[in-house]
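What follows is the content of input-v6.pdb, which has PDB, C-alpha atoms, pLDDT in the B column:
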```
ATOM      1  CA  GLY A   1     -25.126   0.463   7.685  1.00 90.00           C
ATOM      2  CA  LEU A   2     -24.021   3.420   5.562  1.00 92.00           C
ATOM      3  CA  ALA A   3     -22.495   3.866   2.136  1.00 94.00           C
ATOM      4  CA  VAL A   4     -20.112   6.807   1.758  1.00 95.00           C
ATOM      5  CA  SER A   5     -19.699   8.517  -1.604  1.00 94.00           C
ATOM      6  CA  ALA A   6     -17.870  11.656  -2.736  1.00 94.00           C
ATOM      7  CA  GLY A   7     -18.726  13.285  -6.021  1.00 90.00           C
ATOM      8  CA  CYS A   8     -18.232  15.970  -8.594  1.00 91.00           C
ATOM      9  CA  ASP A   9     -20.904  18.041  -6.837  1.00 94.00           C
ATOM     10  CA  GLY A  10     -18.391  18.645  -4.035  1.00 95.00           C
ATOM     11  CA  LEU A  11     -20.336  16.679  -1.421  1.00 96.00           C
ATOM     12  CA  LEU A  12     -19.563  13.604   0.612  1.00 96.00           C
ATOM     13  CA  ARG A  13     -22.842  11.751   1.071  1.00 96.00           C
ATOM     14  CA  LEU A  14     -23.776   9.160   3.667  1.00 96.00           C
ATOM     15  CA  VAL A  15     -26.590   6.907   2.471  1.00 97.00           C
ATOM     16  CA  ASN A  16     -28.526   4.434   4.620  1.00 96.00           C
ATOM     17  CA  LEU A  17     -28.101   1.004   3.020  1.00 96.00           C
ATOM     18  CA  GLU A  18     -31.536  -0.255   4.101  1.00 96.00           C
ATOM     19  CA  SER A  19     -33.658   2.690   3.021  1.00 97.00           C
ATOM     20  CA  GLY A  20     -31.449   4.219   0.330  1.00 96.00           C
ATOM     21  CA  SER A  21     -32.028   7.637   1.863  1.00 97.00           C
ATOM     22  CA  GLU A  22     -29.278  10.187   2.417  1.00 96.00           C
ATOM     23  CA  THR A  23     -28.629  10.652   6.124  1.00 95.00           C
ATOM     24  CA  ARG A  24     -26.054  13.422   5.869  1.00 94.00           C
ATOM     25  CA  ASN A  25     -23.815  15.289   3.466  1.00 96.00           C
ATOM     26  CA  ILE A  26     -20.609  17.215   4.044  1.00 97.00           C
ATOM     27  CA  GLU A  27     -19.267  20.062   1.872  1.00 96.00           C
ATOM     28  CA  LEU A  28     -15.846  19.222   0.412  1.00 96.00           C
ATOM     29  CA  GLY A  29     -14.908  22.626  -0.985  1.00 93.00           C
ATOM     30  CA  GLY A  30     -14.638  21.526  -4.591  1.00 94.00           C
ATOM     31  CA  TYR A  31     -15.026  18.863  -7.248  1.00 93.00           C
ATOM     32  CA  VAL A  32     -13.994  15.341  -6.196  1.00 95.00           C
ATOM     33  CA  GLY A  33     -12.919  12.629  -8.629  1.00 92.00           C
ATOM     34  CA  ALA A  34     -12.069   9.857  -6.168  1.00 93.00           C
ATOM     35  CA  SER A  35     -13.459   7.702  -3.391  1.00 94.00           C
ATOM     36  CA  ALA A  36     -12.973   8.505   0.273  1.00 96.00           C
ATOM     37  CA  ALA A  37     -10.823   6.308   2.501  1.00 97.00           C
ATOM     38  CA  ILE A  38     -12.686   5.346   5.663  1.00 96.00           C
ATOM     39  CA  TYR A  39     -11.176   4.570   9.061  1.00 97.00           C
ATOM     40  CA  GLY A  40     -13.603   4.213  11.957  1.00 95.00           C
ATOM     41  CA  ASP A  41     -15.772   7.326  11.975  1.00 95.00           C
ATOM     42  CA  SER A  42     -13.352   9.317   9.809  1.00 97.00           C
ATOM     43  CA  ALA A  43     -13.100   9.825   6.059  1.00 97.00           C
ATOM     44  CA  PHE A  44     -10.224  11.200   3.977  1.00 98.00           C
ATOM     45  CA  VAL A  45     -10.578  12.597   0.470  1.00 98.00           C
ATOM     46  CA  GLY A  46      -8.746  14.933  -1.904  1.00 97.00           C
ATOM     47  CA  ASN A  47     -10.427  17.505  -4.114  1.00 96.00           C
ATOM     48  CA  PHE A  48      -9.641  19.479  -7.245  1.00 94.00           C
ATOM     49  CA  GLU A  49      -8.945  22.597  -5.151  1.00 94.00           C
ATOM     50  CA  ASN A  50      -5.513  21.275  -4.074  1.00 94.00           C
ATOM     51  CA  GLN A  51      -6.816  20.045  -0.714  1.00 96.00           C
ATOM     52  CA  VAL A  52      -7.020  16.823   1.257  1.00 97.00           C
ATOM     53  CA  LEU A  53      -9.730  16.791   3.895  1.00 98.00           C
ATOM     54  CA  GLY A  54     -10.093  14.790   7.096  1.00 98.00           C
ATOM     55  CA  LEU A  55     -13.778  14.439   7.978  1.00 98.00           C
ATOM     56  CA  ASP A  56     -15.680  13.369  11.087  1.00 97.00           C
ATOM     57  CA  LEU A  57     -18.596  11.309   9.769  1.00 96.00           C
ATOM     58  CA  ASP A  58     -20.501  11.314  13.083  1.00 94.00           C
ATOM     59  CA  ARG A  59     -20.465  15.104  13.453  1.00 95.00           C
ATOM     60  CA  GLY A  60     -20.646  15.755   9.712  1.00 95.00           C
ATOM     61  CA  GLU A  61     -17.770  18.213   9.898  1.00 96.00           C
ATOM     62  CA  VAL A  62     -14.336  18.820   8.428  1.00 97.00           C
ATOM     63  CA  ASP A  63     -11.672  18.110  11.076  1.00 98.00           C
ATOM     64  CA  TRP A  64      -8.718  19.354   9.061  1.00 98.00           C
ATOM     65  CA  ILE A  65      -7.623  20.542   5.621  1.00 98.00           C
ATOM     66  CA  TYR A  66      -4.199  19.881   4.123  1.00 97.00           C
ATOM     67  CA  ASP A  67      -3.258  22.354   1.397  1.00 94.00           C
ATOM     68  CA  PRO A  68       0.254  21.663   0.053  1.00 91.00           C
ATOM     69  CA  PRO A  69       2.198  24.927   0.118  1.00 80.00           C
ATOM     70  CA  GLU A  70       4.531  24.323  -2.827  1.00 78.00           C
ATOM     71  CA  LYS A  71       2.283  23.468  -5.776  1.00 79.00           C
ATOM     72  CA  SER A  72      -1.386  23.897  -6.600  1.00 84.00           C
ATOM     73  CA  PHE A  73      -2.668  20.830  -8.446  1.00 92.00           C
ATOM     74  CA  PRO A  74      -5.771  18.680  -7.955  1.00 91.00           C
ATOM     75  CA  PHE A  75      -5.924  15.369  -6.141  1.00 94.00           C
ATOM     76  CA  TYR A  76      -7.446  12.683  -8.374  1.00 92.00           C
ATOM     77  CA  SER A  77      -6.168   9.688  -6.415  1.00 94.00           C
ATOM     78  CA  SER A  78      -8.154   8.107  -3.607  1.00 96.00           C
ATOM     79  CA  ALA A  79      -6.402   8.169  -0.253  1.00 97.00           C
ATOM     80  CA  ALA A  80      -5.249   5.114   1.696  1.00 97.00           C
ATOM     81  CA  THR A  81      -4.811   4.838   5.445  1.00 97.00           C
ATOM     82  CA  ASP A  82      -3.456   2.354   7.933  1.00 96.00           C
ATOM     83  CA  GLY A  83      -5.156   4.167  10.813  1.00 94.00           C
ATOM     84  CA  GLU A  84      -2.134   6.305  11.582  1.00 96.00           C
ATOM     85  CA  ILE A  85      -1.010   7.756   8.245  1.00 98.00           C
ATOM     86  CA  VAL A  86      -3.093   8.952   5.284  1.00 98.00           C
ATOM     87  CA  VAL A  87      -1.312   8.596   1.924  1.00 98.00           C
ATOM     88  CA  ILE A  88      -2.508  10.190  -1.309  1.00 98.00           C
ATOM     89  CA  GLY A  89      -1.000  10.796  -4.737  1.00 96.00           C
ATOM     90  CA  GLY A  90      -1.299  14.142  -6.489  1.00 94.00           C
ATOM     91  CA  ARG A  91      -1.210  15.631  -9.919  1.00 94.00           C
ATOM     92  CA  ASP A  92       1.618  17.731  -8.492  1.00 94.00           C
ATOM     93  CA  LYS A  93       3.843  14.658  -9.088  1.00 95.00           C
ATOM     94  CA  MET A  94       4.085  14.067  -5.349  1.00 96.00           C
ATOM     95  CA  VAL A  95       3.007  11.426  -2.872  1.00 97.00           C
ATOM     96  CA  HIS A  96       1.795  13.010   0.371  1.00 97.00           C
ATOM     97  CA  ALA A  97       1.725  11.227   3.747  1.00 98.00           C
ATOM     98  CA  LEU A  98      -0.310  12.969   6.438  1.00 98.00           C
ATOM     99  CA  ASN A  99      -0.961  12.488  10.120  1.00 98.00           C
ATOM    100  CA  ARG A 100      -4.448  10.948  10.256  1.00 97.00           C
ATOM    101  CA  GLU A 101      -5.544  12.989  13.278  1.00 97.00           C
ATOM    102  CA  THR A 102      -4.141  16.433  12.387  1.00 97.00           C
ATOM    103  CA  GLY A 103      -3.588  16.455   8.608  1.00 97.00           C
ATOM    104  CA  GLU A 104      -0.017  17.663   9.084  1.00 97.00           C
ATOM    105  CA  ALA A 105       2.493  16.430   6.510  1.00 96.00           C
ATOM    106  CA  ARG A 106       4.656  13.550   7.739  1.00 97.00           C
ATOM    107  CA  TRP A 107       6.589  13.259   4.475  1.00 97.00           C
ATOM    108  CA  THR A 108       6.336  13.827   0.739  1.00 96.00           C
ATOM    109  CA  PHE A 109       7.948  11.907  -2.097  1.00 97.00           C
ATOM    110  CA  ALA A 110       8.618  13.489  -5.487  1.00 96.00           C
ATOM    111  CA  THR A 111       7.823  11.348  -8.523  1.00 96.00           C
ATOM    112  CA  LYS A 112       8.581  12.332 -12.102  1.00 94.00           C
ATOM    113  CA  HIS A 113       4.947  11.990 -13.180  1.00 96.00           C
ATOM    114  CA  ARG A 114       1.395  12.637 -12.009  1.00 95.00           C
ATOM    115  CA  VAL A 115      -0.105  10.173  -9.569  1.00 96.00           C
ATOM    116  CA  ASP A 116      -3.769   9.530 -10.404  1.00 94.00           C
ATOM    117  CA  ALA A 117      -3.804   5.897  -9.235  1.00 95.00           C
ATOM    118  CA  SER A 118      -4.697   5.276  -5.618  1.00 96.00           C
ATOM    119  CA  PRO A 119      -1.950   4.053  -3.293  1.00 97.00           C
ATOM    120  CA  VAL A 120      -2.170   0.747  -1.428  1.00 96.00           C
ATOM    121  CA  ILE A 121      -0.695   0.174   2.027  1.00 96.00           C
ATOM    122  CA  ILE A 122       0.689  -3.263   2.878  1.00 93.00           C
ATOM    123  CA  GLY A 123       2.398  -3.542   6.252  1.00 92.00           C
ATOM    124  CA  SER A 124       5.262  -1.063   6.409  1.00 95.00           C
ATOM    125  CA  ARG A 125       5.117  -0.175   2.699  1.00 95.00           C
ATOM    126  CA  VAL A 126       2.935   1.903   0.434  1.00 97.00           C
ATOM    127  CA  PHE A 127       2.709   1.096  -3.279  1.00 96.00           C
ATOM    128  CA  VAL A 128       2.134   3.937  -5.726  1.00 97.00           C
ATOM    129  CA  ALA A 129       1.803   3.954  -9.541  1.00 96.00           C
ATOM    130  CA  THR A 130       2.484   6.928 -11.810  1.00 96.00           C
ATOM    131  CA  LEU A 131       1.238   8.017 -15.213  1.00 95.00           C
ATOM    132  CA  GLY A 132       4.872   7.699 -16.322  1.00 96.00           C
ATOM    133  CA  GLY A 133       4.694   3.937 -15.793  1.00 95.00           C
ATOM    134  CA  ASP A 134       6.577   3.610 -12.526  1.00 96.00           C
ATOM    135  CA  LEU A 135       5.374   1.305  -9.759  1.00 96.00           C
ATOM    136  CA  LEU A 136       6.986   2.492  -6.527  1.00 97.00           C
ATOM    137  CA  SER A 137       7.320   0.876  -3.131  1.00 96.00           C
ATOM    138  CA  LEU A 138       7.909   3.429  -0.375  1.00 98.00           C
ATOM    139  CA  ASN A 139       8.651   3.003   3.307  1.00 98.00           C
ATOM    140  CA  LEU A 140       5.421   4.021   5.045  1.00 98.00           C
ATOM    141  CA  ASP A 141       7.166   5.658   8.021  1.00 97.00           C
ATOM    142  CA  THR A 142       9.813   7.661   6.152  1.00 97.00           C
ATOM    143  CA  GLY A 143       8.684   7.957   2.527  1.00 97.00           C
ATOM    144  CA  SER A 144      12.035   6.636   1.316  1.00 98.00           C
ATOM    145  CA  SER A 145      12.115   4.523  -1.829  1.00 97.00           C
ATOM    146  CA  VAL A 146      12.330   0.759  -1.276  1.00 96.00           C
ATOM    147  CA  TRP A 147      12.130  -0.290  -4.947  1.00 94.00           C
ATOM    148  CA  LYS A 148      10.876   0.816  -8.316  1.00 96.00           C
ATOM    149  CA  PHE A 149       9.593  -1.125 -11.321  1.00 95.00           C
ATOM    150  CA  GLU A 150       9.278   0.560 -14.720  1.00 95.00           C
ATOM    151  CA  THR A 151       6.398  -0.878 -16.770  1.00 93.00           C
ATOM    152  CA  GLY A 152       7.219   1.039 -19.948  1.00 92.00           C
ATOM    153  CA  GLU A 153       3.674   2.422 -20.165  1.00 93.00           C
ATOM    154  CA  GLY A 154       1.614   4.787 -18.012  1.00 92.00           C
ATOM    155  CA  ILE A 155      -0.488   3.539 -15.114  1.00 93.00           C
ATOM    156  CA  SER A 156      -3.770   5.147 -14.135  1.00 89.00           C
ATOM    157  CA  ALA A 157      -5.327   2.068 -12.506  1.00 88.00           C
ATOM    158  CA  SER A 158      -4.872   1.424  -8.817  1.00 91.00           C
ATOM    159  CA  PRO A 159      -3.035  -1.656  -7.550  1.00 92.00           C
ATOM    160  CA  ALA A 160      -5.056  -4.566  -6.174  1.00 92.00           C
ATOM    161  CA  ILE A 161      -3.904  -6.958  -3.463  1.00 91.00           C
ATOM    162  CA  ALA A 162      -5.018 -10.595  -3.230  1.00 89.00           C
ATOM    163  CA  ALA A 163      -3.555 -13.903  -2.012  1.00 88.00           C
ATOM    164  CA  GLY A 164      -0.126 -12.372  -1.392  1.00 87.00           C
ATOM    165  CA  TYR A 165       0.101 -10.695  -4.794  1.00 92.00           C
ATOM    166  CA  LEU A 166       0.001  -7.108  -5.959  1.00 94.00           C
ATOM    167  CA  VAL A 167      -1.633  -6.869  -9.385  1.00 95.00           C
ATOM    168  CA  ILE A 168      -1.757  -3.787 -11.604  1.00 94.00           C
ATOM    169  CA  GLY A 169      -2.424  -3.027 -15.263  1.00 94.00           C
ATOM    170  CA  SER A 170      -0.752  -0.443 -17.466  1.00 93.00           C
ATOM    171  CA  LEU A 171      -2.378   1.705 -20.162  1.00 94.00           C
ATOM    172  CA  ASP A 172      -1.190  -0.621 -22.952  1.00 93.00           C
ATOM    173  CA  GLY A 173      -3.236  -3.484 -21.469  1.00 93.00           C
ATOM    174  CA  THR A 174      -0.392  -5.380 -19.811  1.00 94.00           C
ATOM    175  CA  LEU A 175      -1.201  -6.927 -16.447  1.00 94.00           C
ATOM    176  CA  PHE A 176       1.643  -7.232 -13.924  1.00 95.00           C
ATOM    177  CA  GLY A 177       1.687  -9.467 -10.840  1.00 94.00           C
ATOM    178  CA  PHE A 178       4.198  -9.174  -8.006  1.00 93.00           C
ATOM    179  CA  GLY A 179       4.678 -11.687  -5.174  1.00 89.00           C
ATOM    180  CA  ALA A 180       6.148 -11.265  -1.727  1.00 75.00           C
ATOM    181  CA  ARG A 181       9.750 -11.373  -2.952  1.00 69.00           C
TER
END
```
Do you think you could lay out the structure here as structure tokens?
Amino acid sequence: GLAVSAGCDGLLRLVNLESGSETRNIELGGYVGASAAIYGDSAFVGNFENQVLGLDLDRGEVDWIYDPPEKSFPFYSSAATDGEIVVIGGRDKMVHALNRETGEARWTFATKHRVDASPVIIGSRVFVATLGGDLLSLNLDTGSSVWKFETGEGISASPAIAAGYLVIGSLDGTLFGFGAR
């Protein structure tokens, strides 16, 4: 019965769908340019202060903060989770996979370009698009590369999944569709 929204005011807001009234807000420590991923009573969101936060929506508190030690760049991508791992792309040209309960890094994957598009998890893979035009398929458990497709143009849109297809558009207006093969 709640809508969850993060915003540039640095707050995650919970809004009652029936009344439209805000039931709670949680401080996020900085500007947010993406949606939160929700799993049960938890939310996961990156901010422009180089942090990814794990939030308890029932208590209205931050459970953990992941602050990558190597580079300080904002997170513009929305996170994705399968209930065990939280995956998010960064402007640090990295894909970060975190333990959902603790926020500890499970693995990182270096890309050659910023990752503003939100990742999508399908089974044992996570799909990530870069502003350099690469669509990557990574092993969800290890972060190792499974395959890569070069579109020839940057990608800022997030992949969509429907009817067994992954669909994504590049900045030049080309729409790509990939099947199970």
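For the pair CA of Arg91 in chain A and CA of Pro74 in chain A, the interatomic distance is 5.8 Å.
Picture a line from CA of Ala129 in chain A to CA of Ala43 in chain A; it runs 22.4 Å.
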Applied to this file, what does the PyMOL selection byres ((chain A and resi 22) around 12) return in terms of residues, put as a PDB file with C-alpha atoms, in the coordinates of the input?
```pdb
ATOM      1  CA  GLY A   1     -25.126   0.463   7.685  1.00 90.00           C
ATOM      2  CA  LEU A   2     -24.021   3.420   5.562  1.00 92.00           C
ATOM      3  CA  ALA A   3     -22.495   3.866   2.136  1.00 94.00           C
ATOM      4  CA  VAL A   4     -20.112   6.807   1.758  1.00 95.00           C
ATOM      5  CA  SER A   5     -19.699   8.517  -1.604  1.00 94.00           C
ATOM      6  CA  LEU A  11     -20.336  16.679  -1.421  1.00 96.00           C
ATOM      7  CA  LEU A  12     -19.563  13.604   0.612  1.00 96.00           C
ATOM      8  CA  ARG A  13     -22.842  11.751   1.071  1.00 96.00           C
ATOM      9  CA  LEU A  14     -23.776   9.160   3.667  1.00 96.00           C
ATOM     10  CA  VAL A  15     -26.590   6.907   2.471  1.00 97.00           C
ATOM     11  CA  ASN A  16     -28.526   4.434   4.620  1.00 96.00           C
ATOM     12  CA  LEU A  17     -28.101   1.004   3.020  1.00 96.00           C
ATOM     13  CA  GLU A  18     -31.536  -0.255   4.101  1.00 96.00           C
ATOM     14  CA  SER A  19     -33.658   2.690   3.021  1.00 97.00           C
ATOM     15  CA  GLY A  20     -31.449   4.219   0.330  1.00 96.00           C
ATOM     16  CA  SER A  21     -32.028   7.637   1.863  1.00 97.00           C
ATOM     17  CA  THR A  23     -28.629  10.652   6.124  1.00 95.00           C
ATOM     18  CA  ARG A  24     -26.054  13.422   5.869  1.00 94.00           C
ATOM     19  CA  ASN A  25     -23.815  15.289   3.466  1.00 96.00           C
ATOM     20  CA  ILE A  26     -20.609  17.215   4.044  1.00 97.00           C
TER      21      ILE A  26
END
```
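Checking A:Asn99, A:Ser35, A:Asn50, A:Asn139 one by one against Ser158 in chain A, counting all atoms listed in the file, you find the shortest gap at A:Ser35.
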Residues in the PyMOL selection byres ((chain A and resi 98) around 9), expressed as number ranges by chain: A: 66, 84-88, 96-97, 99-108
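Residue nearest Leu140 in chain A, chosen from A:Asp116, A:Asp82, A:Glu49, A:Asp172 and counting all atoms listed in the file: A:Asp82.
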Output file: range 50-62 of chain A, all heavy atoms, as a PDB file, in the first residue's frame:
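Printed below is result-v6.pdb as written:
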```pdb
ATOM      1  N   ASN A  50      28.814   9.192  -3.638  1.00  0.00           N
ATOM      2  CA  ASN A  50      29.629   7.993  -3.777  1.00  0.00           C
ATOM      3  C   ASN A  50      29.201   6.882  -2.827  1.00  0.00           C
ATOM      4  O   ASN A  50      30.018   6.105  -2.370  1.00  0.00           O
ATOM      5  CB  ASN A  50      31.122   8.322  -3.557  1.00  0.00           C
ATOM      6  CG  ASN A  50      32.046   7.189  -3.962  1.00  0.00           C
ATOM      7  OD1 ASN A  50      31.927   6.649  -5.046  1.00  0.00           O
ATOM      8  ND2 ASN A  50      32.947   6.813  -3.089  1.00  0.00           N
ATOM      9  N   GLN A  51      27.915   6.812  -2.495  1.00  0.00           N
ATOM     10  CA  GLN A  51      27.442   5.811  -1.552  1.00  0.00           C
ATOM     11  C   GLN A  51      26.269   5.018  -2.119  1.00  0.00           C
ATOM     12  O   GLN A  51      25.470   5.546  -2.885  1.00  0.00           O
ATOM     13  CB  GLN A  51      26.958   6.476  -0.264  1.00  0.00           C
ATOM     14  CG  GLN A  51      28.011   7.275   0.452  1.00  0.00           C
ATOM     15  CD  GLN A  51      27.419   8.063   1.601  1.00  0.00           C
ATOM     16  OE1 GLN A  51      26.292   8.541   1.535  1.00  0.00           O
ATOM     17  NE2 GLN A  51      28.184   8.192   2.666  1.00  0.00           N
ATOM     18  N   VAL A  52      26.181   3.768  -1.698  1.00  0.00           N
ATOM     19  CA  VAL A  52      24.990   2.952  -1.890  1.00  0.00           C
ATOM     20  C   VAL A  52      24.474   2.640  -0.496  1.00  0.00           C
ATOM     21  O   VAL A  52      25.251   2.260   0.387  1.00  0.00           O
ATOM     22  CB  VAL A  52      25.294   1.649  -2.657  1.00  0.00           C
ATOM     23  CG1 VAL A  52      24.028   0.828  -2.838  1.00  0.00           C
ATOM     24  CG2 VAL A  52      25.935   1.958  -4.004  1.00  0.00           C
ATOM     25  N   LEU A  53      23.173   2.822  -0.307  1.00  0.00           N
ATOM     26  CA  LEU A  53      22.585   2.623   1.011  1.00  0.00           C
ATOM     27  C   LEU A  53      21.603   1.464   1.002  1.00  0.00           C
ATOM     28  O   LEU A  53      20.830   1.304   0.057  1.00  0.00           O
ATOM     29  CB  LEU A  53      21.846   3.887   1.470  1.00  0.00           C
ATOM     30  CG  LEU A  53      22.707   5.115   1.699  1.00  0.00           C
ATOM     31  CD1 LEU A  53      22.822   5.922   0.431  1.00  0.00           C
ATOM     32  CD2 LEU A  53      22.133   5.968   2.793  1.00  0.00           C
ATOM     33  N   GLY A  54      21.640   0.672   2.070  1.00  0.00           N
ATOM     34  CA  GLY A  54      20.641  -0.353   2.334  1.00  0.00           C
ATOM     35  C   GLY A  54      19.749   0.176   3.437  1.00  0.00           C
ATOM     36  O   GLY A  54      20.236   0.570   4.503  1.00  0.00           O
ATOM     37  N   LEU A  55      18.442   0.215   3.195  1.00  0.00           N
ATOM     38  CA  LEU A  55      17.507   0.857   4.122  1.00  0.00           C
ATOM     39  C   LEU A  55      16.469  -0.134   4.631  1.00  0.00           C
ATOM     40  O   LEU A  55      15.992  -0.987   3.883  1.00  0.00           O
ATOM     41  CB  LEU A  55      16.773   2.002   3.412  1.00  0.00           C
ATOM     42  CG  LEU A  55      17.658   2.999   2.677  1.00  0.00           C
ATOM     43  CD1 LEU A  55      16.841   3.811   1.699  1.00  0.00           C
ATOM     44  CD2 LEU A  55      18.357   3.892   3.673  1.00  0.00           C
ATOM     45  N   ASP A  56      16.100   0.003   5.899  1.00  0.00           N
ATOM     46  CA  ASP A  56      14.997  -0.753   6.475  1.00  0.00           C
ATOM     47  C   ASP A  56      13.767   0.144   6.426  1.00  0.00           C
ATOM     48  O   ASP A  56      13.709   1.157   7.124  1.00  0.00           O
ATOM     49  CB  ASP A  56      15.317  -1.152   7.917  1.00  0.00           C
ATOM     50  CG  ASP A  56      14.247  -2.024   8.526  1.00  0.00           C
ATOM     51  OD1 ASP A  56      13.057  -1.608   8.528  1.00  0.00           O
ATOM     52  OD2 ASP A  56      14.584  -3.120   9.003  1.00  0.00           O
ATOM     53  N   LEU A  57      12.802  -0.211   5.576  1.00  0.00           N
ATOM     54  CA  LEU A  57      11.626   0.643   5.388  1.00  0.00           C
ATOM     55  C   LEU A  57      10.701   0.627   6.598  1.00  0.00           C
ATOM     56  O   LEU A  57      10.048   1.634   6.885  1.00  0.00           O
ATOM     57  CB  LEU A  57      10.868   0.212   4.132  1.00  0.00           C
ATOM     58  CG  LEU A  57      11.638   0.329   2.825  1.00  0.00           C
ATOM     59  CD1 LEU A  57      10.816  -0.214   1.667  1.00  0.00           C
ATOM     60  CD2 LEU A  57      12.058   1.771   2.562  1.00  0.00           C
ATOM     61  N   ASP A  58      10.631  -0.486   7.322  1.00  0.00           N
ATOM     62  CA  ASP A  58       9.775  -0.553   8.510  1.00  0.00           C
ATOM     63  C   ASP A  58      10.285   0.349   9.624  1.00  0.00           C
ATOM     64  O   ASP A  58       9.518   1.092  10.237  1.00  0.00           O
ATOM     65  CB  ASP A  58       9.672  -1.986   9.038  1.00  0.00           C
ATOM     66  CG  ASP A  58       8.746  -2.850   8.211  1.00  0.00           C
ATOM     67  OD1 ASP A  58       7.886  -2.303   7.490  1.00  0.00           O
ATOM     68  OD2 ASP A  58       8.888  -4.081   8.289  1.00  0.00           O
ATOM     69  N   ARG A  59      11.580   0.289   9.887  1.00  0.00           N
ATOM     70  CA  ARG A  59      12.174   1.120  10.949  1.00  0.00           C
ATOM     71  C   ARG A  59      12.469   2.536  10.488  1.00  0.00           C
ATOM     72  O   ARG A  59      12.676   3.424  11.304  1.00  0.00           O
ATOM     73  CB  ARG A  59      13.465   0.466  11.459  1.00  0.00           C
ATOM     74  CG  ARG A  59      13.244  -0.824  12.207  1.00  0.00           C
ATOM     75  CD  ARG A  59      14.493  -1.340  12.951  1.00  0.00           C
ATOM     76  NE  ARG A  59      15.761  -0.864  12.450  1.00  0.00           N
ATOM     77  CZ  ARG A  59      16.543  -1.527  11.593  1.00  0.00           C
ATOM     78  NH1 ARG A  59      16.177  -2.685  11.110  1.00  0.00           N
ATOM     79  NH2 ARG A  59      17.699  -1.028  11.212  1.00  0.00           N
ATOM     80  N   GLY A  60      12.576   2.738   9.166  1.00  0.00           N
ATOM     81  CA  GLY A  60      12.910   4.058   8.653  1.00  0.00           C
ATOM     82  C   GLY A  60      14.358   4.428   8.916  1.00  0.00           C
ATOM     83  O   GLY A  60      14.671   5.590   9.160  1.00  0.00           O
ATOM     84  N   GLU A  61      15.236   3.431   8.832  1.00  0.00           N
ATOM     85  CA  GLU A  61      16.642   3.646   9.155  1.00  0.00           C
ATOM     86  C   GLU A  61      17.558   3.085   8.073  1.00  0.00           C
ATOM     87  O   GLU A  61      17.193   2.167   7.342  1.00  0.00           O
ATOM     88  CB  GLU A  61      16.988   2.972  10.486  1.00  0.00           C
ATOM     89  CG  GLU A  61      16.233   3.530  11.668  1.00  0.00           C
ATOM     90  CD  GLU A  61      16.547   2.779  12.947  1.00  0.00           C
ATOM     91  OE1 GLU A  61      17.377   1.835  12.927  1.00  0.00           O
ATOM     92  OE2 GLU A  61      15.953   3.134  13.969  1.00  0.00           O
ATOM     93  N   VAL A  62      18.772   3.611   8.052  1.00  0.00           N
ATOM     94  CA  VAL A  62      19.821   3.096   7.176  1.00  0.00           C
ATOM     95  C   VAL A  62      20.448   1.891   7.866  1.00  0.00           C
ATOM     96  O   VAL A  62      20.927   1.998   8.999  1.00  0.00           O
ATOM     97  CB  VAL A  62      20.880   4.180   6.889  1.00  0.00           C
ATOM     98  CG1 VAL A  62      22.026   3.607   6.071  1.00  0.00           C
ATOM     99  CG2 VAL A  62      20.254   5.383   6.192  1.00  0.00           C
TER     100      VAL A  62
END
```
